[in-house]
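Next comes run-v5.txt, with compact mmCIF, C-alpha atoms and all ligand atoms.
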```
# COMPACT_ATOMS: atom_id res chain seq x y z
CA MET T 1431 24.25 23.48 8.70
CA ILE T 1432 23.39 19.81 8.67
CA THR T 1433 23.93 18.10 5.31
CA SER T 1434 20.72 16.36 4.43
CA LYS T 1435 20.82 12.64 3.72
CA LEU T 1436 17.57 13.10 1.79
CA PRO T 1437 18.09 16.44 0.04
CA ASN T 1438 15.24 15.94 -2.42
CA ILE T 1439 12.57 15.15 0.12
CA GLY T 1440 10.10 17.78 1.32
CA THR T 1441 6.65 17.48 2.84
CA THR T 1442 4.80 14.69 1.05
CA ILE T 1443 1.97 15.50 -1.31
CA PHE T 1444 -0.35 13.48 0.97
CA THR T 1445 0.30 15.83 3.89
CA ARG T 1446 0.11 18.89 1.66
CA MET T 1447 -3.21 17.95 0.08
CA SER T 1448 -4.76 17.01 3.43
CA GLN T 1449 -3.59 20.34 4.88
CA LEU T 1450 -5.02 22.24 1.93
CA ALA T 1451 -8.31 20.30 2.22
CA ASN T 1452 -8.56 21.35 5.89
CA GLU T 1453 -7.58 24.92 5.12
CA VAL T 1454 -10.24 25.45 2.45
CA GLY T 1455 -12.84 23.07 3.93
CA ALA T 1456 -12.75 20.66 0.97
CA LEU T 1457 -13.92 17.05 1.05
CA ASN T 1458 -10.74 15.06 1.47
CA LEU T 1459 -10.51 12.30 -1.13
CA SER T 1460 -6.75 12.71 -1.28
CA GLN T 1461 -4.87 10.83 1.43
CA GLY T 1462 -5.67 7.10 1.65
CA PHE T 1463 -7.59 6.74 4.87
CA PRO T 1464 -11.23 5.98 5.71
CA ASP T 1465 -13.46 8.70 7.13
CA PHE T 1466 -15.22 6.01 9.16
CA ASP T 1467 -14.08 3.93 12.11
CA GLY T 1468 -12.99 0.33 12.30
CA PRO T 1469 -15.42 -2.33 13.58
CA GLN T 1470 -16.84 -1.51 17.02
CA ALA T 1471 -15.83 -4.91 18.40
CA LEU T 1472 -12.23 -4.18 17.42
CA LEU T 1473 -12.24 -0.77 19.11
CA ASP T 1474 -13.81 -2.32 22.21
CA ALA T 1475 -11.24 -5.11 22.29
CA VAL T 1476 -8.34 -2.62 22.23
CA ALA T 1477 -9.97 -0.52 24.97
CA ARG T 1478 -10.44 -3.67 27.05
CA HIS T 1479 -6.77 -4.56 26.70
CA VAL T 1480 -5.62 -1.03 27.54
CA HIS T 1481 -7.70 -1.22 30.73
CA SER T 1482 -6.58 -4.71 31.64
CA GLY T 1483 -2.91 -3.89 31.81
CA HIS T 1484 -1.63 -4.89 28.38
CA ASN T 1485 0.46 -1.75 28.12
CA GLN T 1486 4.07 -2.88 28.33
CA TYR T 1487 6.40 -4.03 25.54
CA ALA T 1488 5.11 -6.79 23.29
CA PRO T 1489 7.49 -9.57 22.24
CA MET T 1490 9.94 -8.30 19.61
CA THR T 1491 8.50 -10.45 16.82
CA GLY T 1492 4.89 -9.64 17.73
CA LEU T 1493 2.25 -11.05 20.03
CA PRO T 1494 2.10 -14.85 19.49
CA ALA T 1495 -1.73 -14.79 19.38
CA LEU T 1496 -1.67 -12.23 16.56
CA ARG T 1497 1.02 -14.03 14.59
CA GLU T 1498 -1.10 -17.17 14.94
CA GLN T 1499 -4.14 -15.37 13.52
CA VAL T 1500 -2.10 -14.07 10.59
CA ALA T 1501 -0.87 -17.61 9.89
CA LEU T 1502 -4.47 -18.90 9.92
CA LYS T 1503 -5.55 -16.14 7.55
CA ILE T 1504 -2.69 -16.85 5.16
CA ALA T 1505 -3.56 -20.55 5.13
CA ALA T 1506 -7.23 -19.73 4.44
CA CYS T 1507 -6.57 -17.12 1.75
CA TYR T 1508 -3.47 -18.42 -0.04
CA GLY T 1509 -3.15 -22.07 0.95
CA ARG T 1510 0.33 -21.59 2.41
CA SER T 1511 1.27 -22.91 5.79
CA VAL T 1512 3.67 -20.41 7.36
CA SER T 1513 5.23 -20.67 10.79
CA ALA T 1514 3.89 -18.03 13.17
CA ASP T 1515 7.17 -18.34 15.08
CA SER T 1516 9.77 -18.13 12.38
CA GLU T 1517 8.09 -16.50 9.35
CA ILE T 1518 5.75 -13.76 10.62
CA THR T 1519 6.91 -10.50 12.22
CA ILE T 1520 4.48 -7.82 13.43
CA THR T 1521 5.70 -4.28 12.74
CA PRO T 1522 4.52 -0.74 13.49
CA GLY T 1523 2.99 -0.35 10.03
CA ALA T 1524 3.74 -1.68 6.58
CA THR T 1525 6.02 1.29 5.93
CA GLN T 1526 8.30 0.20 8.76
CA ALA T 1527 8.24 -3.38 7.48
CA ILE T 1528 9.30 -2.18 4.02
CA PHE T 1529 12.03 0.00 5.52
CA CYS T 1530 13.39 -2.90 7.57
CA ALA T 1531 13.31 -5.29 4.61
CA ILE T 1532 15.25 -2.76 2.53
CA GLN T 1533 17.84 -2.24 5.30
CA THR T 1534 18.13 -6.01 5.61
CA LEU T 1535 19.00 -6.47 1.94
CA ILE T 1536 20.58 -3.34 0.54
CA ARG T 1537 24.21 -2.34 0.73
CA ALA T 1538 26.00 0.66 -0.79
CA GLY T 1539 25.89 0.47 -4.56
CA ASP T 1540 23.05 -2.06 -4.80
CA GLU T 1541 20.27 -1.36 -7.27
CA VAL T 1542 16.58 -1.71 -6.48
CA ILE T 1543 13.97 -1.85 -9.22
CA VAL T 1544 10.71 -0.03 -8.51
CA PHE T 1545 7.80 0.28 -10.89
CA ASP T 1546 6.52 3.79 -11.49
CA PRO T 1547 4.10 5.07 -10.40
CA SER T 1548 5.28 3.80 -7.02
CA TYR T 1549 4.52 4.36 -3.34
CA ASP T 1550 6.62 7.19 -1.97
CA SER T 1551 8.42 5.44 0.89
CA TYR T 1552 10.42 3.03 -1.27
CA GLU T 1553 13.02 5.37 -2.69
CA PRO T 1554 14.05 7.24 0.49
CA SER T 1555 14.36 3.90 2.28
CA VAL T 1556 16.67 2.65 -0.47
CA ASP T 1557 18.66 5.91 -0.42
CA LEU T 1558 19.19 5.67 3.34
CA ALA T 1559 20.57 2.16 2.87
CA GLY T 1560 23.07 3.50 0.32
CA GLY T 1561 21.34 1.84 -2.62
CA ARG T 1562 19.93 3.31 -5.80
CA CYS T 1563 16.43 2.99 -7.21
CA VAL T 1564 16.08 2.12 -10.87
CA HIS T 1565 12.64 3.23 -12.01
CA VAL T 1566 10.78 1.11 -14.55
CA PRO T 1567 7.54 2.75 -15.71
CA LEU T 1568 4.45 0.55 -15.88
CA SER T 1569 2.82 0.50 -19.31
CA GLN T 1570 -0.10 2.77 -20.20
CA PRO T 1571 -3.03 2.76 -19.93
CA ASP T 1572 -3.24 -0.52 -18.00
CA PHE T 1573 -0.35 -0.07 -15.51
CA ALA T 1574 1.06 -3.50 -16.35
CA ILE T 1575 4.70 -4.60 -16.18
CA ASP T 1576 6.60 -3.93 -19.40
CA TRP T 1577 8.67 -7.11 -19.42
CA GLN T 1578 11.21 -5.90 -21.93
CA ARG T 1579 11.89 -2.73 -19.91
CA LEU T 1580 12.19 -4.78 -16.76
CA ALA T 1581 14.64 -7.22 -18.37
CA ASP T 1582 16.66 -4.28 -19.69
CA ALA T 1583 16.79 -2.67 -16.24
CA ILE T 1584 18.32 -5.71 -14.54
CA THR T 1585 22.10 -5.54 -14.03
CA PRO T 1586 24.60 -7.54 -11.95
CA ARG T 1587 24.02 -4.94 -9.20
CA THR T 1588 20.25 -5.53 -9.02
CA ARG T 1589 19.56 -6.93 -5.58
CA LEU T 1590 15.87 -6.27 -5.07
CA ILE T 1591 12.62 -5.73 -6.99
CA ILE T 1592 9.69 -4.10 -5.18
CA LEU T 1593 6.24 -5.27 -6.26
CA ASN T 1594 2.97 -3.65 -5.25
CA SER T 1595 -0.30 -5.43 -6.00
CA PRO T 1596 -3.09 -4.37 -5.75
CA HIS T 1597 -1.33 -1.27 -6.96
CA ASN T 1598 -1.48 2.20 -5.46
CA PRO T 1599 -2.42 4.47 -7.24
CA SER T 1600 -3.83 2.59 -10.26
CA GLY T 1601 -5.65 -0.32 -8.61
CA ALA T 1602 -4.05 -2.71 -11.14
CA LEU T 1603 -3.48 -6.33 -10.13
CA LEU T 1604 -0.56 -8.62 -10.87
CA THR T 1605 -1.71 -12.01 -12.15
CA ARG T 1606 -0.34 -15.47 -11.63
CA ARG T 1607 1.10 -15.23 -15.15
CA ASP T 1608 2.99 -12.08 -14.16
CA LEU T 1609 4.43 -13.85 -11.13
CA ASP T 1610 5.45 -16.85 -13.26
CA GLN T 1611 7.13 -14.56 -15.76
CA LEU T 1612 8.96 -12.75 -12.99
CA ALA T 1613 10.11 -16.06 -11.52
CA GLU T 1614 11.56 -17.04 -14.87
CA LEU T 1615 13.33 -13.72 -15.26
CA ILE T 1616 15.07 -13.78 -11.87
CA ARG T 1617 15.49 -17.55 -11.42
CA ALA T 1618 19.22 -17.62 -12.08
CA ARG T 1619 19.93 -14.33 -10.34
CA ASP T 1620 20.63 -13.26 -6.78
CA ILE T 1621 17.60 -10.95 -6.64
CA TYR T 1622 15.14 -10.66 -3.75
CA LEU T 1623 11.58 -9.34 -3.68
CA ILE T 1624 9.53 -7.11 -1.45
CA SER T 1625 5.88 -7.68 -2.27
CA ASP T 1626 3.82 -4.80 -0.91
CA GLU T 1627 0.37 -6.32 -0.59
CA VAL T 1628 -1.25 -3.88 1.84
CA TYR T 1629 -4.42 -3.87 -0.31
CA GLU T 1630 -4.50 -7.68 -0.55
CA HIS T 1631 -8.17 -7.91 0.49
CA LEU T 1632 -9.41 -5.05 -1.69
CA VAL T 1633 -10.01 -6.75 -5.06
CA PHE T 1634 -13.21 -6.36 -7.04
CA ASP T 1635 -15.49 -7.84 -9.68
CA GLY T 1636 -14.81 -11.39 -8.52
CA ALA T 1637 -11.05 -11.11 -9.13
CA LYS T 1638 -8.67 -12.95 -6.85
CA HIS T 1639 -5.50 -11.51 -5.37
CA ASP T 1640 -2.48 -13.45 -6.63
CA SER T 1641 -0.22 -13.18 -3.62
CA VAL T 1642 3.47 -13.96 -3.71
CA LEU T 1643 2.58 -16.08 -0.66
CA ALA T 1644 0.81 -18.46 -3.03
CA HIS T 1645 3.82 -18.69 -5.35
CA GLU T 1646 6.18 -21.33 -4.02
CA GLU T 1647 9.24 -20.26 -6.00
CA LEU T 1648 8.97 -16.49 -5.51
CA TYR T 1649 8.11 -16.78 -1.82
CA GLN T 1650 11.52 -18.36 -1.16
CA ARG T 1651 13.15 -14.98 -1.90
CA ALA T 1652 10.41 -12.63 -0.75
CA PHE T 1653 9.34 -10.35 2.06
CA VAL T 1654 5.55 -10.10 1.79
CA VAL T 1655 4.18 -7.04 3.56
CA SER T 1656 0.65 -6.20 4.67
CA SER T 1657 -1.14 -3.68 6.88
CA PHE T 1658 -3.87 -4.15 9.47
CA GLY T 1659 -4.50 -0.43 9.00
CA LYS T 1660 -5.90 -1.03 5.51
CA SER T 1661 -7.78 -4.25 6.22
CA TYR T 1662 -9.45 -3.12 9.46
CA HIS T 1663 -10.10 0.58 8.62
CA VAL T 1664 -7.61 1.78 11.25
CA THR T 1665 -4.75 3.37 9.30
CA GLY T 1666 -3.76 5.49 12.32
CA TRP T 1667 -2.87 2.39 14.29
CA LYS T 1668 0.16 1.87 12.05
CA THR T 1669 0.28 -1.86 12.60
CA GLY T 1670 1.42 -4.24 9.88
CA TYR T 1671 3.35 -7.41 9.33
CA VAL T 1672 5.94 -9.03 7.13
CA VAL T 1673 6.03 -12.68 6.11
CA ALA T 1674 9.28 -14.19 4.88
CA PRO T 1675 11.02 -17.58 4.93
CA PRO T 1676 12.85 -18.26 8.23
CA ALA T 1677 16.34 -17.26 7.08
CA LEU T 1678 15.09 -13.94 5.70
CA SER T 1679 12.89 -13.32 8.74
CA THR T 1680 15.87 -13.87 11.05
CA GLU T 1681 17.82 -11.13 9.30
CA LEU T 1682 14.84 -8.78 9.06
CA ARG T 1683 14.20 -9.15 12.79
CA LYS T 1684 17.74 -8.01 13.56
CA VAL T 1685 16.91 -4.71 11.86
CA HIS T 1686 13.35 -4.42 13.21
CA GLN T 1687 14.71 -5.02 16.72
CA TYR T 1688 16.68 -1.77 16.55
CA VAL T 1689 14.29 0.33 14.49
CA SER T 1690 11.33 -0.05 16.83
CA PHE T 1691 11.83 -3.31 18.78
CA CYS T 1692 8.11 -4.10 18.69
CA GLY T 1693 4.65 -2.92 17.72
CA VAL T 1694 2.05 -1.38 20.04
CA THR T 1695 0.90 -3.98 22.58
CA PRO T 1696 -2.83 -3.35 23.16
CA LEU T 1697 -3.42 -2.92 19.41
CA GLN T 1698 -1.93 -6.35 18.83
CA TRP T 1699 -4.11 -7.92 21.53
CA GLY T 1700 -7.23 -6.26 20.13
CA LEU T 1701 -6.47 -7.31 16.56
CA ALA T 1702 -5.79 -10.90 17.67
CA ASP T 1703 -9.13 -11.07 19.52
CA PHE T 1704 -11.03 -9.53 16.64
CA MET T 1705 -9.47 -11.76 14.00
CA ALA T 1706 -10.20 -14.88 16.05
CA ALA T 1707 -13.84 -13.91 16.53
CA ASN T 1708 -14.37 -12.52 13.00
CA PRO T 1709 -12.35 -14.50 10.48
CA GLN T 1710 -14.96 -13.58 7.84
CA HIS T 1711 -14.08 -9.87 8.07
CA VAL T 1712 -11.44 -9.98 5.34
CA SER T 1713 -13.64 -11.94 2.93
CA GLU T 1714 -16.33 -9.27 3.32
CA LEU T 1715 -13.97 -6.46 2.31
CA PRO T 1716 -14.23 -6.86 -1.48
CA ALA T 1717 -18.02 -6.37 -1.45
CA PHE T 1718 -17.75 -3.59 1.14
CA TYR T 1719 -15.30 -1.53 -0.92
CA GLN T 1720 -16.74 -2.48 -4.32
CA ALA T 1721 -20.04 -0.96 -3.19
CA LYS T 1722 -18.18 2.27 -2.37
CA ARG T 1723 -16.30 2.23 -5.67
CA ASP T 1724 -19.53 1.73 -7.59
CA LEU T 1725 -21.49 4.32 -5.65
CA PHE T 1726 -18.81 6.87 -6.50
CA CYS T 1727 -18.19 5.73 -10.08
CA ASP T 1728 -21.90 5.43 -11.00
CA ARG T 1729 -22.26 9.09 -10.15
CA LEU T 1730 -18.96 10.13 -11.71
CA GLU T 1731 -20.19 8.66 -15.02
CA GLN T 1732 -22.31 11.83 -15.27
CA SER T 1733 -19.19 14.03 -15.07
CA LYS T 1734 -16.54 14.97 -17.63
CA PHE T 1735 -13.98 12.73 -15.93
CA ARG T 1736 -13.06 9.56 -17.84
CA PHE T 1737 -12.05 6.38 -16.05
CA THR T 1738 -11.94 2.60 -15.94
CA ARG T 1739 -13.13 1.25 -12.61
CA ALA T 1740 -10.30 0.24 -10.29
CA ALA T 1741 -9.69 -3.51 -10.11
CA GLY T 1742 -8.38 -3.22 -6.55
CA THR T 1743 -7.34 -0.87 -3.68
CA PHE T 1744 -9.56 1.97 -2.46
CA PHE T 1745 -8.34 4.39 -5.12
CA GLN T 1746 -9.95 5.46 -8.37
CA LEU T 1747 -7.92 7.17 -11.09
CA ALA T 1748 -9.70 9.56 -13.45
CA ASP T 1749 -8.60 11.42 -16.56
CA TYR T 1750 -9.52 15.10 -16.47
CA SER T 1751 -8.35 16.12 -19.93
CA ALA T 1752 -11.89 16.96 -21.03
CA ILE T 1753 -12.09 19.50 -18.19
CA ARG T 1754 -8.75 21.33 -17.89
CA ASP T 1755 -6.25 19.95 -20.37
CA ASP T 1756 -4.22 23.12 -19.80
CA LEU T 1757 -3.36 22.16 -16.20
CA ASP T 1758 -0.76 19.62 -15.14
CA ASP T 1759 -2.00 17.23 -12.49
CA VAL T 1760 -0.48 19.09 -9.50
CA ALA T 1761 -2.17 22.32 -10.61
CA MET T 1762 -5.37 20.36 -11.29
CA ALA T 1763 -5.35 18.86 -7.78
CA GLU T 1764 -5.01 22.33 -6.29
CA TRP T 1765 -7.71 23.75 -8.56
CA LEU T 1766 -10.13 20.95 -7.68
CA THR T 1767 -9.45 21.45 -3.98
CA ARG T 1768 -9.63 25.23 -3.91
CA GLU T 1769 -12.28 25.91 -6.52
CA HIS T 1770 -14.49 22.83 -6.32
CA GLY T 1771 -14.04 21.60 -2.76
CA VAL T 1772 -12.71 18.10 -3.50
CA ALA T 1773 -9.12 17.25 -2.58
CA VAL T 1774 -7.34 14.64 -4.73
CA ILE T 1775 -3.80 13.41 -5.33
CA PRO T 1776 -1.93 14.11 -8.58
CA ILE T 1777 -0.27 10.94 -9.81
CA SER T 1778 2.88 12.52 -11.26
CA VAL T 1779 4.27 12.52 -7.70
CA PHE T 1780 4.46 8.72 -7.90
CA TYR T 1781 6.88 8.94 -10.84
CA GLN T 1782 10.58 9.70 -11.11
CA GLU T 1783 9.90 11.10 -14.57
CA PRO T 1784 6.20 11.85 -14.94
CA LEU T 1785 4.83 10.83 -18.33
CA LYS T 1786 4.18 13.78 -20.58
CA ASN T 1787 0.54 14.82 -20.83
CA LEU T 1788 -0.49 12.60 -17.96
CA ARG T 1789 -3.89 13.96 -17.00
CA LEU T 1790 -4.80 11.68 -14.10
CA VAL T 1791 -5.80 12.37 -10.52
CA ARG T 1792 -6.46 9.86 -7.76
CA PHE T 1793 -9.61 9.78 -5.64
CA CYS T 1794 -9.75 7.75 -2.42
CA PHE T 1795 -13.16 6.09 -2.06
CA ALA T 1796 -12.63 4.76 1.48
CA LYS T 1797 -15.28 7.22 2.59
CA ARG T 1798 -18.80 7.25 3.98
CA GLU T 1799 -21.65 7.15 1.46
CA GLU T 1800 -22.57 10.77 2.11
CA THR T 1801 -19.00 11.93 1.54
CA LEU T 1802 -18.83 10.07 -1.77
CA ILE T 1803 -22.22 11.37 -2.91
CA GLN T 1804 -21.35 14.96 -2.01
CA ALA T 1805 -17.97 14.72 -3.70
CA ALA T 1806 -19.46 13.22 -6.87
CA GLU T 1807 -22.08 15.98 -6.96
CA LYS T 1808 -19.37 18.63 -6.80
CA LEU T 1809 -17.34 16.87 -9.49
CA CYS T 1810 -20.36 16.53 -11.79
CA ARG T 1811 -20.95 20.29 -11.61
CA ILE T 1812 -17.55 21.04 -13.18
C1 LIG P 1901 1.26 0.81 -1.39
C2 LIG P 1901 1.32 1.13 0.06
N1 LIG P 1901 2.23 0.52 0.83
C3 LIG P 1901 2.33 0.78 2.15
C4 LIG P 1901 1.49 1.67 2.77
C5 LIG P 1901 1.68 1.97 4.23
O1 LIG P 1901 0.95 1.19 5.11
P1 LIG P 1901 1.06 1.50 6.68
O2 LIG P 1901 0.16 2.64 6.97
O3 LIG P 1901 0.63 0.22 7.35
O4 LIG P 1901 2.49 1.84 6.98
C6 LIG P 1901 0.53 2.34 2.02
C7 LIG P 1901 -0.35 3.34 2.66
O5 LIG P 1901 -0.88 4.21 2.02
C8 LIG P 1901 0.43 2.06 0.63
O6 LIG P 1901 -0.47 2.68 -0.14
```
Translate this file's structure into C-alpha cells.
Amino acid sequence: MITSKLPNIGTTIFTRMSQLANEVGALNLSQGFPDFDGPQALLDAVARHVHSGHNQYAPMTGLPALREQVALKIAACYGRSVSADSEITITPGATQAIFCAIQTLIRAGDEVIVFDPSYDSYEPSVDLAGGRCVHVPLSQPDFAIDWQRLADAITPRTRLIILNSPHNPSGALLTRRDLDQLAELIRARDIYLISDEVYEHLVFDGAKHDSVLAHEELYQRAFVVSSFGKSYHVTGWKTGYVVAPPALSTELRKVHQYVSFCGVTPLQWGLADFMAANPQHVSELPAFYQAKRDLFCDRLEQSKFRFTRAAGTFFQLADYSAIRDDLDDVAMAEWLTREHGVAVIPISVFYQEPLKNLRLVRFCFAKREETLIQAAEKLCRI
C-alpha cells in the first residue's frame, strides 16, 4: 500500500456538491464558476490562434504580449509600474501560482498562517512542502482579521502569511488600514506574503480593491496572485498569473519551470488580444456582478435566509438558522440540494475547526439571470 502524503484529503466538497447537483438535477449554485460563456471576442481570438498555429510551448514565463497587458492593467488599476519581464509570470491557473509560491518559500518545519475560512488549496500545498499551517479564524460576523489572534499566532518559525481579498467565501475586503497594520506587524520579521487576489475586479457598492500591489512596503515581500478564469468568465481555462519583485519572481520561476513549464499557448494569445482591444472589460465587472448579486439578493429578501450583501467576489453567504437550525451546514447543503433543487457549499469545510453553531451556506451568483431567478424562487418556497 502506498503511504499517502495527504492522508486527510478526500474528494473536495466542490466536486461532491457539483456531482450531487448533476445527480438530482439541482440548480448548481455551489462550485464557483459561471454558467455563461466568456466574451465572444475572446473565444474567437483563441479559436483564431489555435487555427493559426499557436499550438506549441509558450515561453516559460508567459507570452510577452500577455505579460505586457497585465503590466498595463496593474498600472491602470493600482498605479504600480511592474516589469513584464522580471515581475510577472503567467501560470496554468491561480492554484498553480499559489502552489509554486509556497514551494518557493516553505521548508520543513516552517509555519504558514492562513485565515479561516480559507480556500482549500492552501493547506495541502503547505503540507507537501513540509510546512505546517497555523489557522487564525477571522472574526464574526464580519470576517475581519483579529489582530490580537494574528499577533499571538506569529512565532520565529512563521515564514509566510496567506491573504485572500476579496475573500472566498465571505466576500469581505481587506482595507488599506488592514494592510498598513499588517506591514507594521511583520516589518521586523522575515515573513513573506501570498496575496490571493483572484476576485480583484469583483468589488461592489463603489468600494475599491486595496491590492497589495498598491502597497509599496508589503509588495516587496509578496507574491500577488490573480486568475484570468475569474475575470474573463473562463474558469476552465485555468490561466492565472503571479506578480512579485524580481528576486522573488526568479525563485518562483525555478519552481514553476518544473511544475508545468508554461501555460497554454493559444489561451495566452487570445487573452492578450482581448485585453489589448478591451481594456475596459475589467472596470465593467463590478457593475456586471453587482447586478447579479442584487437580482439574487432582492429576491432572497423574501425568503427565511438572513444575509448581508457580499462586498466582493461572486459568492453570497446566507444564514439558514430560521429554516433548519437542527442541521449542520453540510447536512443543510445536502438537504437544499436533494429536497429543494439548489446546490450550495457549506462553509465549515473552509475551517480547520468550524465555529460552533455556524449556520451559513454559500451561494455562487455567477449565473445567468434565469438561473438566479429560478434558484431564488425555490429558496423562497422553503
Ligand atoms: C480564493 C481562490 N483562490 C484561487 C482560486 C483558483 O483559481 P484558478 O481557477 O485560476 O486556479 C479560486 C477559485 O475558486 C479561489 O476561490
task = Choose the residue, out of T:Asp1749, T:Glu1630, T:Glu1453, T:Glu1714, that has the smallest atom-to-atom separation from ligand LIG 1901 (chain P); count all atoms listed in the file.
result =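 Closest to ligand LIG 1901 (chain P), using all atoms listed in the file: T:Glu1630.
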query = Which residues form the shell of 7 Å around ligand LIG 1901 (chain P) when you count all atoms listed in the file, given as a ChimeraX atom specification?
reply = /T:1462,1523-1526,1549,1594,1597-1598,1626,1628,1656-1660,1665,1668-1670
Length of the CA of Phe1780 in chain T to CA of Ile1443 in chain T vector [Å] = 9.8 Å
request  = List every protein, DNA or RNA residue that has at least one atom no more than 12 Å from (15.3, -19.5, 1.9) in the file's coordinates, counting only C-alpha atoms, and write the result as a list in words.
outcome  = Ser1516, Glu1517, Asp1620, Tyr1622, Glu1646, Glu1647, Leu1648, Tyr1649, Gln1650, Arg1651, Ala1652, Phe1653, Ala1674, Pro1675, Pro1676, Ala1677, Leu1678, Ser1679, Thr1680 and Glu1681 of chain T
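Of the residues listed (T:Ala1752, T:Val1694, T:Ala1805, T:Ile1616), T:Val1694 shows the shortest atom-to-atom separation from Ile1520 in chain T; distances use all atoms listed in the file.
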query = What is the CA of Thr1442 in chain T to CA of Ser1661 in chain T distance in Å?
reply =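 If I compute the distance from CA of Thr1442 in chain T to CA of Ser1661 in chain T, I get 23.3 Å.
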inquiry  = If I take CA of Arg1510 in chain T and CA of Ala1644 in chain T, how far is one from the other in Å, to one decimal?
reply    =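 One can read the CA of Arg1510 in chain T to CA of Ala1644 in chain T distance as 6.3 Å.
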Minimum-distance residue to His1481 in chain T, chosen among T:Arg1768, T:Gly1455, T:Trp1699, T:Ala1637 (using only C-alpha atoms) =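 Of all the options, T:Trp1699 lies closest to His1481 in chain T.
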